[in-house]
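Trainee: Sharing a structure with you now.
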Protein chains: 2
Amino acid sequence: MAILTAVDDPDDPRIDDYRDLTTADRRPDRPGGRGLVIAEGVVVVRRLLDSPYPVRSLLGVPRRLEELSGDLARLDVPAYATDADTMARAVGFHLNRGVLAVADRAAAPDLTGLLAGARSVAVCEGVGDHENLGSLFRNAAALGVDALLLGPGCSDPLYRRSVRVSMGHVLRVPFTRLAGGWPASLDTLRDAGFSVVALTPAPDAEPLATANLTGEKVALLLGAEGPGLTDEALAAADRRVRIPMAGGVDSLNVATAAAVAFHAVTGGG
Amino acid sequence: MAILTAVDDPDDPRIDDYRDLTTADRRPDRPGGRGLVIAEGVVVVRRLLDSPYPVRSLLGVPRRLEELSGDLARLDVPAYATDADTMARAVGFHLNRGVLAVADRAAAPDLTGLLAGARSVAVCEGVGDHENLGSLFRNAAALGVDALLLGPGCSDPLYRRSVRVSMGHVLRVPFTRLAGGWPASLDTLRDAGFSVVALTPAPDAEPLATANLTGEKVALLLGAEGPGLTDEALAAADRRVRIPMAGGVDSLNVATAAAVAFHAVTGGG
């Protein structure tokens with residue numbers, strides 16, 4: 001059972017994990033910093049509490065901690081209760097959602113084990129935007145994609161903003177970085193029985209609507225908004241599919257395009 | 001040809017259209033204010049210049065106005081050149097994109113004419129979030145949906161943030177508010193040969209993947225994230241389709257769910 005402790009001094013060292021979240025060079029959610037995982041708001045905090053990440057503590061206003069009391073009953077970590085003003089002074093900004101939790105990072109899952117149970121995975125190349133990456137996890141979770149694999153150039157899914165935008169699904173959808181050379185590392189997926197399918201706007205790719213992807217194990221290869229997949233990644237794919245775009249329109253946001261493709265792969269969650 | 005005029009005083013009355021864009025009670029993009037349409041950045045400004053909205057003027061740093069010189073050659077409006085600091089002081093915040101344009105509103109298109117040429121339309125109920133509404137327009141444009149119709153509770157697509165999030169596509173995808181009682185006004189669509197298809201998470205709705213929507217003229221009915229469509233709207237639909245969701249996951253963002261459904265309706269743009 002969590003130990004509820006009142007904190008009324010923003011400089012209290014017990015809440016150092018939450019300090020100056022906006023100060024770039026001291027950011028505790030950066031791997032170069034303390035590398036903590038930070039969850040904001042009742043829904044996302046609850047996902048953190050249910051995740052494999054070792055929770056260190058919570059900090060929140062009494063009303064929000066109360067909402068989480070059922071979850072806290074199962075946990076043996078400190079829960080610091082404070083008021084919104086003290087919280088704002090410690091954190092560095094006013095937090096509408098009223099509750100935070102921090103956890104340590106956990107070891108990434110083993111790729112072989114992760115692929116063994118999966119029918120569909122997404123593989124990202126160069127997705128450096130934290131919000132896009134967070135949205136990708138949310139969409140993967142909603143549409144039943146089993147895992148996300150990070151190729152070169154992807155940002156950190158455990159960065160605070162990605163956690164928030166994903167609605168906490170970065171804490172639930174398993175992910176790991178692909179080791180080894182790129183795109184040679186895609187062979188591991190092929191060896192595990194996956195068809196590597198690149199999503200690309202290239203006019204000679206197959207239209208997604210008629211590609212019939214539901215019958216096979218699919219590793220969907222996604223590039224960054226703007227530049228898209230590199231030529232090397234495209235060449236390493238078994239198939240290339242496209243979402244036809246109406247004349248003159250910039251491509252969809254990468255997470256939105258991915259959602260359309262995820263649905264074509266899984267038929268929904 | 002646009003008349004290029006240097007402005008070095010942030011209080012210059014010629015740039016009053018751009019003043020205090022963040023001050024809620026003076027916001028020129030609010031219908032209660034001057035009701036202006038404001039575009040930010042080269043891409044979106046270009047879409048405004050290409051739109052039916054009567055452009056009043058531009059304000060930008062020389063480099064951005066230079067990028068638009070081809071477009072400006074065809075236009076007979078003032079283009080005010082200034083520096084980033086003067087611009088920030090007039091506008092009320094620093095504008096990374098370096099150029100703005102304002103236009104007057106235009107009369108909404110006639111519903112009958114709009115439906116006559118359309119094969120697929122989206123109908124929104126209660127989409128009050130400006131960013132979601134903007135994203136809906138972007139996705140409709142990309143995936144070839146011909147028009148957006150606004151039922152009760154929808155926000156203003158011409159609000160500055162919606163214009164920006166839509167990448168300017170609110171200026172290209174025709175839209176109008178549905179007049180008459182709701183949801184009785186959906187009969188107009190049915191009379192024009194559209195099948196009214198509600199997107200809903202209801203478990204007894206048809207899965208989108210097997211609903212086969214490409215053969216008919218579809219009016220896709222979309223509700224707000226969270227509450228979803230009202231019972232009245234659902235009851236007024238001819239069919240109900242759902243995107244199956246993986247266990248325990250909040251529904252997709254409304255614009256993302258709409259993109260998945262738009263693709264199922266149009267097969268892409």
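If you're wondering about the labels, chains in the structure tokens are A, B, ... by order shown, residues count from 1 in each chain, ligands from 1 in order shown.
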Using only C-alpha atoms, which residues sit within 9 Å of Arg161 of chain B once same-chain residues fewer than 6 positions away are excluded, as a PyMOL selection string?
Mentor: chain B and resi 130-131+134
Trainee: Export all heavy atoms of the chosen residues as an mmCIF file, in the first residue's frame?
Mentor:
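Saved result, result-v5.cif, follows:
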data_model
loop_
_atom_site.group_PDB
_atom_site.id
_atom_site.type_symbol
_atom_site.label_atom_id
_atom_site.label_comp_id
_atom_site.auth_asym_id
_atom_site.auth_seq_id
_atom_site.Cartn_x
_atom_site.Cartn_y
_atom_site.Cartn_z
ATOM 1 N N HIS B 130 -10.861 22.631 -31.907
ATOM 2 C CA HIS B 130 -10.350 23.263 -33.128
ATOM 3 C C HIS B 130 -9.278 22.437 -33.821
ATOM 4 O O HIS B 130 -9.187 22.417 -35.047
ATOM 5 C CB HIS B 130 -9.797 24.655 -32.803
ATOM 6 C CG HIS B 130 -10.859 25.659 -32.520
ATOM 7 N ND1 HIS B 130 -11.116 26.138 -31.254
ATOM 8 C CD2 HIS B 130 -11.743 26.259 -33.340
ATOM 9 C CE1 HIS B 130 -12.118 27.013 -31.315
ATOM 10 N NE2 HIS B 130 -12.515 27.101 -32.561
ATOM 11 N N GLU B 131 -8.428 21.787 -33.042
ATOM 12 C CA GLU B 131 -7.364 21.002 -33.670
ATOM 13 C C GLU B 131 -7.938 19.753 -34.334
ATOM 14 O O GLU B 131 -7.543 19.398 -35.449
ATOM 15 C CB GLU B 131 -6.299 20.625 -32.638
ATOM 16 C CG GLU B 131 -5.639 21.868 -32.068
ATOM 17 C CD GLU B 131 -4.248 21.624 -31.508
ATOM 18 O OE1 GLU B 131 -3.712 20.514 -31.623
ATOM 19 O OE2 GLU B 131 -3.693 22.585 -30.937
ATOM 20 N N GLY B 134 -9.529 20.842 -37.526
ATOM 21 C CA GLY B 134 -8.508 21.122 -38.536
ATOM 22 C C GLY B 134 -7.932 19.838 -39.125
ATOM 23 O O GLY B 134 -7.791 19.700 -40.345
#
Trainee: Env of segment 48-54 of chain B: 10 Å cut, atoms = only C-alpha atoms, seq-sep filter 2 positions within chain, self excluded. Answer as a PyMOL selection string.
Mentor: chain B and resi 36-40+42-46+56-58+68+71-72+74-75+77+101-107+163+168-173
Trainee: May I have the selected residues written with N, CA and C atoms, as a compact mmCIF listing (two decimals), in the first residue's frame?
Mentor:
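And here's out_22.txt as it stands now:
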# COMPACT_ATOMS: atom_id res chain seq x y z
N LEU B 36 -12.01 37.69 -39.27
CA LEU B 36 -11.07 37.52 -40.37
C LEU B 36 -10.55 36.09 -40.46
N VAL B 37 -10.09 35.72 -41.61
CA VAL B 37 -9.43 34.43 -41.82
C VAL B 37 -7.92 34.71 -41.82
N ILE B 38 -7.19 33.99 -40.98
CA ILE B 38 -5.76 34.26 -40.83
C ILE B 38 -4.96 33.02 -41.20
N ALA B 39 -4.02 33.19 -42.09
CA ALA B 39 -3.16 32.08 -42.52
C ALA B 39 -1.74 32.36 -42.07
N GLU B 40 -1.04 31.32 -41.63
CA GLU B 40 0.33 31.43 -41.11
C GLU B 40 1.27 30.54 -41.90
N VAL B 42 4.28 29.97 -45.18
CA VAL B 42 4.25 30.04 -46.65
C VAL B 42 3.23 29.08 -47.25
N VAL B 43 3.21 27.83 -46.77
CA VAL B 43 2.32 26.83 -47.37
C VAL B 43 0.86 27.22 -47.21
N VAL B 44 0.50 27.62 -45.99
CA VAL B 44 -0.90 27.92 -45.72
C VAL B 44 -1.30 29.26 -46.34
N VAL B 45 -0.39 30.24 -46.30
CA VAL B 45 -0.68 31.52 -46.96
C VAL B 45 -0.94 31.28 -48.45
N ARG B 46 -0.13 30.43 -49.05
CA ARG B 46 -0.33 30.14 -50.48
C ARG B 46 -1.72 29.55 -50.71
N ARG B 56 -7.02 40.36 -47.88
CA ARG B 56 -6.93 41.78 -47.56
C ARG B 56 -5.49 42.27 -47.64
N SER B 57 -4.55 41.48 -47.07
CA SER B 57 -3.14 41.89 -47.09
C SER B 57 -2.27 40.75 -46.58
N LEU B 58 -0.96 40.93 -46.69
CA LEU B 58 0.02 40.03 -46.09
C LEU B 58 0.94 40.84 -45.19
N LEU B 68 7.06 33.98 -51.68
CA LEU B 68 5.70 34.05 -52.22
C LEU B 68 5.60 34.98 -53.42
N ASP B 71 3.31 34.11 -56.31
CA ASP B 71 1.88 34.21 -55.98
C ASP B 71 1.45 35.67 -55.88
N LEU B 72 2.34 36.50 -55.32
CA LEU B 72 1.99 37.90 -55.10
C LEU B 72 1.87 38.66 -56.42
N ARG B 74 0.32 37.89 -58.90
CA ARG B 74 -1.04 37.80 -59.44
C ARG B 74 -2.07 38.54 -58.59
N LEU B 75 -1.64 39.19 -57.53
CA LEU B 75 -2.57 39.74 -56.54
C LEU B 75 -2.45 41.24 -56.40
N VAL B 77 -3.05 43.27 -53.63
CA VAL B 77 -3.26 43.62 -52.22
C VAL B 77 -1.94 44.09 -51.64
N ALA B 101 -1.21 36.08 -43.61
CA ALA B 101 -2.11 36.77 -44.54
C ALA B 101 -3.49 36.79 -43.92
N VAL B 102 -4.25 37.82 -44.19
CA VAL B 102 -5.64 37.87 -43.71
C VAL B 102 -6.58 38.02 -44.89
N ALA B 103 -7.75 37.44 -44.70
CA ALA B 103 -8.80 37.55 -45.72
C ALA B 103 -10.13 37.75 -45.02
N ASP B 104 -11.09 38.26 -45.77
CA ASP B 104 -12.45 38.29 -45.26
C ASP B 104 -13.07 36.92 -45.45
N ARG B 105 -14.14 36.68 -44.70
CA ARG B 105 -14.87 35.43 -44.91
C ARG B 105 -15.63 35.51 -46.23
N ALA B 106 -16.03 34.34 -46.70
CA ALA B 106 -16.82 34.28 -47.92
C ALA B 106 -18.14 33.60 -47.59
N ALA B 107 -19.13 33.78 -48.41
CA ALA B 107 -20.41 33.12 -48.18
C ALA B 107 -20.19 31.61 -48.26
N VAL B 163 -7.20 26.52 -39.05
CA VAL B 163 -6.58 26.78 -40.35
C VAL B 163 -5.17 26.20 -40.37
N GLY B 168 -4.08 24.44 -44.00
CA GLY B 168 -4.77 25.31 -44.96
C GLY B 168 -5.88 24.62 -45.72
N HIS B 169 -6.13 23.35 -45.42
CA HIS B 169 -7.15 22.64 -46.20
C HIS B 169 -8.57 23.04 -45.84
N VAL B 170 -8.79 23.73 -44.73
CA VAL B 170 -10.13 24.30 -44.48
C VAL B 170 -10.45 25.34 -45.54
N LEU B 171 -9.41 25.84 -46.21
CA LEU B 171 -9.60 26.86 -47.25
C LEU B 171 -9.86 26.23 -48.61
N ARG B 172 -9.72 24.91 -48.70
CA ARG B 172 -9.87 24.22 -49.99
C ARG B 172 -11.04 23.23 -50.00
N VAL B 173 -11.22 22.51 -48.89
CA VAL B 173 -12.32 21.54 -48.85
C VAL B 173 -13.60 22.32 -48.53
Trainee: Find the spatial neighbours of Leu115 of chain A, counting only C-alpha atoms, within a cut-off of 10 Å - ignore same-chain residues fewer than 2 positions away - and output them as a PDB file with C-alpha atoms, in the first residue's frame.
Mentor:
ATOM      1  CA  ASP A 110      14.105  -9.428 -26.331  1.00  0.00           C
ATOM      2  CA  LEU A 111      13.361  -9.150 -30.068  1.00  0.00           C
ATOM      3  CA  THR A 112      13.001 -12.883 -30.651  1.00  0.00           C
ATOM      4  CA  GLY A 113      10.502 -13.286 -27.849  1.00  0.00           C
ATOM      5  CA  GLY A 117       3.927 -13.906 -30.243  1.00  0.00           C
ATOM      6  CA  ALA A 118       3.257 -11.176 -32.799  1.00  0.00           C
ATOM      7  CA  ARG A 119       1.144 -11.147 -35.956  1.00  0.00           C
ATOM      8  CA  SER A 120       1.800  -7.532 -36.920  1.00  0.00           C
ATOM      9  CA  VAL A 121       4.524  -5.067 -36.001  1.00  0.00           C
ATOM     10  CA  ASP A 146       1.602  -6.076 -31.413  1.00  0.00           C
ATOM     11  CA  ALA A 147       4.911  -4.184 -31.181  1.00  0.00           C
ATOM     12  CA  THR A 188      15.475 -10.851 -38.584  1.00  0.00           C
ATOM     13  CA  LEU A 189      11.817 -10.062 -39.209  1.00  0.00           C
ATOM     14  CA  ALA A 192      10.610 -14.821 -38.205  1.00  0.00           C
ATOM     15  CA  GLY A 193       8.055 -15.164 -40.987  1.00  0.00           C
ATOM     16  CA  PHE A 194       7.107 -11.524 -41.461  1.00  0.00           C
TER      17      PHE A 194
END
Trainee: List as CSV every residue of chain A that is in contact with chain B, defined as an atom at most 7 Å from one of its atoms (using only C-alpha atoms), together with the nearest atom pair and the distance in Å rounded to one decimal, sorted by chain and then rising number.
Mentor:
residue,atom,partner,partner_atom,distance
A:Asn139,CA,B:Leu252,CA,6.6
A:Ala141,CA,B:Ala246,CA,6.6
A:Ala142,CA,B:Ala246,CA,5.2
A:Leu143,CA,B:Met245,CA,5.6
A:Gly144,CA,B:Ala246,CA,5.0
A:Ala209,CA,B:Gly267,CA,5.7
A:Ile243,CA,B:Gly268,CA,5.7
A:Pro244,CA,B:Gly268,CA,4.5
A:Met245,CA,B:Gly269,CA,4.3
A:Ala246,CA,B:Gly269,CA,3.8
A:Val249,CA,B:Ala142,CA,5.5
A:Ser251,CA,B:Ala142,CA,6.7
A:Leu252,CA,B:Ala142,CA,6.5
A:Thr256,CA,B:Thr256,CA,5.5
A:Ala259,CA,B:Val260,CA,6.6
A:Val260,CA,B:Val260,CA,4.6
A:Gly267,CA,B:Ala209,CA,5.7
A:Gly268,CA,B:Pro244,CA,4.6
A:Gly269,CA,B:Ala246,CA,3.8
Trainee: Could you turn the residues from that selection into a file that holds N, CA, C and O atoms, as an mmCIF file, in the first residue's frame?
Mentor:
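Ended up saving to selection_16.cif:
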data_model
loop_
_atom_site.group_PDB
_atom_site.id
_atom_site.type_symbol
_atom_site.label_atom_id
_atom_site.label_comp_id
_atom_site.auth_asym_id
_atom_site.auth_seq_id
_atom_site.Cartn_x
_atom_site.Cartn_y
_atom_site.Cartn_z
ATOM 1 N N ASN A 139 -2.035 4.674 -31.781
ATOM 2 C CA ASN A 139 -2.756 4.053 -32.886
ATOM 3 C C ASN A 139 -2.457 2.557 -32.983
ATOM 4 O O ASN A 139 -3.342 1.755 -33.292
ATOM 5 N N ALA A 141 -1.762 0.626 -30.448
ATOM 6 C CA ALA A 141 -2.514 0.000 -29.357
ATOM 7 C C ALA A 141 -3.987 -0.148 -29.737
ATOM 8 O O ALA A 141 -4.584 -1.211 -29.563
ATOM 9 N N ALA A 142 -4.570 0.913 -30.291
ATOM 10 C CA ALA A 142 -6.005 0.892 -30.605
ATOM 11 C C ALA A 142 -6.322 -0.128 -31.684
ATOM 12 O O ALA A 142 -7.356 -0.784 -31.651
ATOM 13 N N LEU A 143 -5.418 -0.281 -32.650
ATOM 14 C CA LEU A 143 -5.715 -1.114 -33.811
ATOM 15 C C LEU A 143 -5.080 -2.493 -33.717
ATOM 16 O O LEU A 143 -5.119 -3.264 -34.671
ATOM 17 N N GLY A 144 -4.506 -2.818 -32.561
ATOM 18 C CA GLY A 144 -4.056 -4.189 -32.335
ATOM 19 C C GLY A 144 -2.739 -4.562 -32.990
ATOM 20 O O GLY A 144 -2.515 -5.735 -33.290
ATOM 21 N N ALA A 209 -5.635 -0.299 -50.491
ATOM 22 C CA ALA A 209 -6.997 -0.847 -50.444
ATOM 23 C C ALA A 209 -7.091 -2.229 -51.098
ATOM 24 O O ALA A 209 -7.956 -3.017 -50.747
ATOM 25 N N ILE A 243 -1.044 4.803 -49.865
ATOM 26 C CA ILE A 243 -2.385 5.341 -49.681
ATOM 27 C C ILE A 243 -2.543 6.412 -50.749
ATOM 28 O O ILE A 243 -1.855 7.426 -50.702
ATOM 29 N N PRO A 244 -3.413 6.186 -51.728
ATOM 30 C CA PRO A 244 -3.526 7.194 -52.789
ATOM 31 C C PRO A 244 -3.961 8.543 -52.208
ATOM 32 O O PRO A 244 -4.819 8.592 -51.335
ATOM 33 N N MET A 245 -3.305 9.597 -52.649
ATOM 34 C CA MET A 245 -3.574 10.933 -52.114
ATOM 35 C C MET A 245 -4.283 11.777 -53.169
ATOM 36 O O MET A 245 -3.915 11.762 -54.338
ATOM 37 N N ALA A 246 -5.260 12.544 -52.717
ATOM 38 C CA ALA A 246 -5.961 13.449 -53.619
ATOM 39 C C ALA A 246 -4.977 14.515 -54.114
ATOM 40 O O ALA A 246 -4.041 14.894 -53.408
ATOM 41 N N VAL A 249 -2.164 17.366 -52.455
ATOM 42 C CA VAL A 249 -2.216 17.415 -50.993
ATOM 43 C C VAL A 249 -0.935 16.854 -50.399
ATOM 44 O O VAL A 249 -0.423 15.843 -50.851
ATOM 45 N N SER A 251 1.213 14.785 -47.847
ATOM 46 C CA SER A 251 0.854 13.492 -47.307
ATOM 47 C C SER A 251 0.225 13.673 -45.937
ATOM 48 O O SER A 251 0.346 14.712 -45.297
ATOM 49 N N LEU A 252 -0.475 12.660 -45.514
ATOM 50 C CA LEU A 252 -1.052 12.630 -44.176
ATOM 51 C C LEU A 252 0.049 12.691 -43.131
ATOM 52 O O LEU A 252 1.185 12.299 -43.391
ATOM 53 N N THR A 256 -1.220 9.201 -38.685
ATOM 54 C CA THR A 256 -2.532 9.007 -39.308
ATOM 55 C C THR A 256 -2.428 8.018 -40.468
ATOM 56 O O THR A 256 -3.245 7.107 -40.602
ATOM 57 N N ALA A 259 -2.160 4.665 -39.088
ATOM 58 C CA ALA A 259 -3.435 4.129 -38.592
ATOM 59 C C ALA A 259 -4.243 3.524 -39.741
ATOM 60 O O ALA A 259 -4.825 2.450 -39.608
ATOM 61 N N VAL A 260 -4.257 4.220 -40.871
ATOM 62 C CA VAL A 260 -4.981 3.701 -42.039
ATOM 63 C C VAL A 260 -4.377 2.354 -42.460
ATOM 64 O O VAL A 260 -5.101 1.388 -42.720
ATOM 65 N N GLY A 267 -7.360 -5.278 -39.603
ATOM 66 C CA GLY A 267 -8.825 -5.218 -39.648
ATOM 67 C C GLY A 267 -9.393 -4.565 -38.406
ATOM 68 O O GLY A 267 -10.580 -4.674 -38.119
ATOM 69 N N GLY A 268 -8.547 -3.900 -37.663
ATOM 70 C CA GLY A 268 -8.950 -3.317 -36.381
ATOM 71 C C GLY A 268 -8.422 -4.192 -35.275
ATOM 72 O O GLY A 268 -7.868 -5.251 -35.497
ATOM 73 N N GLY A 269 -8.605 -3.731 -34.048
ATOM 74 C CA GLY A 269 -7.911 -4.309 -32.895
ATOM 75 C C GLY A 269 -8.323 -5.730 -32.554
ATOM 76 O O GLY A 269 -9.428 -6.117 -32.635
#
Trainee: Which of segment 53-263 of chain B end up as strand (DSSP E or B) when DSSP is run on this backbone - answer as a short mmCIF file (atom, residue, chain, number, x, y, z; two decimals) with N, CA and C atoms, in the first residue's frame?
Mentor:
data_model
loop_
_atom_site.label_atom_id
_atom_site.label_comp_id
_atom_site.auth_asym_id
_atom_site.auth_seq_id
_atom_site.Cartn_x
_atom_site.Cartn_y
_atom_site.Cartn_z
N VAL B 55 -8.62 38.11 -50.09
CA VAL B 55 -7.42 38.45 -49.32
C VAL B 55 -7.35 39.97 -49.12
N ARG B 56 -7.02 40.36 -47.88
CA ARG B 56 -6.93 41.78 -47.56
C ARG B 56 -5.49 42.27 -47.64
N SER B 57 -4.55 41.48 -47.07
CA SER B 57 -3.14 41.89 -47.09
C SER B 57 -2.27 40.75 -46.58
N LEU B 58 -0.96 40.93 -46.69
CA LEU B 58 0.02 40.03 -46.09
C LEU B 58 0.94 40.84 -45.19
N LEU B 59 1.54 40.15 -44.22
CA LEU B 59 2.55 40.75 -43.36
C LEU B 59 3.64 39.70 -43.17
N GLY B 60 4.87 40.07 -43.48
CA GLY B 60 5.91 39.06 -43.33
C GLY B 60 7.31 39.63 -43.38
N PRO B 78 -1.99 44.84 -50.52
CA PRO B 78 -0.74 45.26 -49.90
C PRO B 78 -0.01 44.09 -49.25
N ALA B 79 1.31 44.08 -49.38
CA ALA B 79 2.15 43.11 -48.67
C ALA B 79 3.11 43.92 -47.81
N TYR B 80 2.94 43.83 -46.49
CA TYR B 80 3.75 44.64 -45.58
C TYR B 80 4.99 43.87 -45.18
N ALA B 81 6.15 44.42 -45.49
CA ALA B 81 7.41 43.79 -45.14
C ALA B 81 7.92 44.41 -43.85
N VAL B 99 5.41 34.68 -41.83
CA VAL B 99 4.49 35.37 -42.74
C VAL B 99 3.03 35.04 -42.38
N LEU B 100 2.20 36.06 -42.50
CA LEU B 100 0.76 35.94 -42.24
C LEU B 100 0.01 36.56 -43.40
N ALA B 101 -1.21 36.08 -43.61
CA ALA B 101 -2.11 36.77 -44.54
C ALA B 101 -3.49 36.79 -43.92
N VAL B 102 -4.25 37.82 -44.19
CA VAL B 102 -5.64 37.87 -43.71
C VAL B 102 -6.58 38.02 -44.89
N ALA B 103 -7.75 37.44 -44.70
CA ALA B 103 -8.80 37.55 -45.72
C ALA B 103 -10.13 37.75 -45.02
N SER B 120 -18.48 11.58 -51.76
CA SER B 120 -18.38 11.27 -50.34
C SER B 120 -18.27 12.58 -49.56
N VAL B 121 -18.99 12.64 -48.46
CA VAL B 121 -18.91 13.81 -47.58
C VAL B 121 -18.79 13.32 -46.14
N ALA B 122 -18.24 14.17 -45.28
CA ALA B 122 -18.22 13.88 -43.85
C ALA B 122 -19.19 14.83 -43.17
N VAL B 123 -19.92 14.34 -42.19
CA VAL B 123 -20.86 15.16 -41.43
C VAL B 123 -20.44 15.10 -39.97
N CYS B 124 -20.15 16.24 -39.38
CA CYS B 124 -19.66 16.26 -38.00
C CYS B 124 -20.75 16.71 -37.04
N ALA B 147 -16.45 17.07 -49.25
CA ALA B 147 -16.94 18.22 -48.49
C ALA B 147 -17.15 17.84 -47.04
N LEU B 148 -17.12 18.83 -46.18
CA LEU B 148 -17.46 18.63 -44.77
C LEU B 148 -18.73 19.40 -44.45
N LEU B 149 -19.64 18.75 -43.76
CA LEU B 149 -20.87 19.39 -43.33
C LEU B 149 -20.88 19.44 -41.82
N LEU B 150 -21.22 20.61 -41.29
CA LEU B 150 -21.15 20.80 -39.85
C LEU B 150 -22.53 20.77 -39.22
N PHE B 175 -17.09 23.51 -47.20
CA PHE B 175 -17.88 23.12 -46.02
C PHE B 175 -19.05 24.07 -45.85
N THR B 176 -20.06 23.60 -45.15
CA THR B 176 -21.17 24.46 -44.79
C THR B 176 -21.85 23.89 -43.56
N ARG B 177 -22.58 24.74 -42.85
CA ARG B 177 -23.35 24.26 -41.71
C ARG B 177 -24.67 23.70 -42.22
N SER B 195 -25.96 7.53 -48.74
CA SER B 195 -26.23 6.64 -47.62
C SER B 195 -25.57 7.28 -46.39
N VAL B 196 -26.33 7.45 -45.31
CA VAL B 196 -25.79 8.08 -44.10
C VAL B 196 -25.21 6.98 -43.20
N VAL B 197 -23.89 6.99 -43.06
CA VAL B 197 -23.18 5.92 -42.36
C VAL B 197 -22.53 6.50 -41.11
N ALA B 198 -22.97 6.03 -39.94
CA ALA B 198 -22.42 6.54 -38.68
C ALA B 198 -21.19 5.74 -38.29
N LEU B 199 -20.13 6.45 -37.87
CA LEU B 199 -18.94 5.79 -37.32
C LEU B 199 -19.09 5.79 -35.80
N GLU B 206 -21.45 -2.75 -37.81
CA GLU B 206 -20.67 -3.58 -38.75
C GLU B 206 -19.19 -3.21 -38.68
N PRO B 207 -18.29 -4.17 -38.70
CA PRO B 207 -16.86 -3.81 -38.80
C PRO B 207 -16.60 -3.07 -40.10
N VAL B 218 -21.49 8.07 -49.97
CA VAL B 218 -21.51 7.95 -48.51
C VAL B 218 -21.41 9.31 -47.83
N ALA B 219 -22.30 9.53 -46.87
CA ALA B 219 -22.16 10.65 -45.93
C ALA B 219 -21.75 10.03 -44.60
N LEU B 220 -20.49 10.23 -44.23
CA LEU B 220 -19.96 9.59 -43.02
C LEU B 220 -20.20 10.50 -41.83
N LEU B 221 -20.92 9.98 -40.86
CA LEU B 221 -21.34 10.75 -39.69
C LEU B 221 -20.33 10.54 -38.56
N LEU B 222 -19.74 11.65 -38.08
CA LEU B 222 -18.67 11.58 -37.08
C LEU B 222 -19.03 12.37 -35.84
N ALA B 224 -17.95 13.62 -31.63
CA ALA B 224 -16.78 14.12 -30.91
C ALA B 224 -16.05 12.99 -30.22
N GLY B 228 -18.84 10.84 -28.46
CA GLY B 228 -19.30 10.20 -29.70
C GLY B 228 -20.61 10.80 -30.18
N ARG B 239 -26.80 3.21 -41.76
CA ARG B 239 -25.94 2.10 -41.36
C ARG B 239 -25.01 2.60 -40.26
N ARG B 240 -24.48 1.66 -39.50
CA ARG B 240 -23.53 2.01 -38.45
C ARG B 240 -22.30 1.13 -38.63
N VAL B 241 -21.14 1.74 -38.71
CA VAL B 241 -19.90 0.96 -38.85
C VAL B 241 -18.96 1.28 -37.69
N ARG B 242 -18.08 0.33 -37.38
CA ARG B 242 -17.14 0.53 -36.29
C ARG B 242 -15.75 0.09 -36.71
#
Trainee: Between atom CA of Asp8 of chain B and atom CA of Thr82 of chain B, what is the spacing in Å?
Mentor: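 Between these atoms lies a distance of 6.0 Å.
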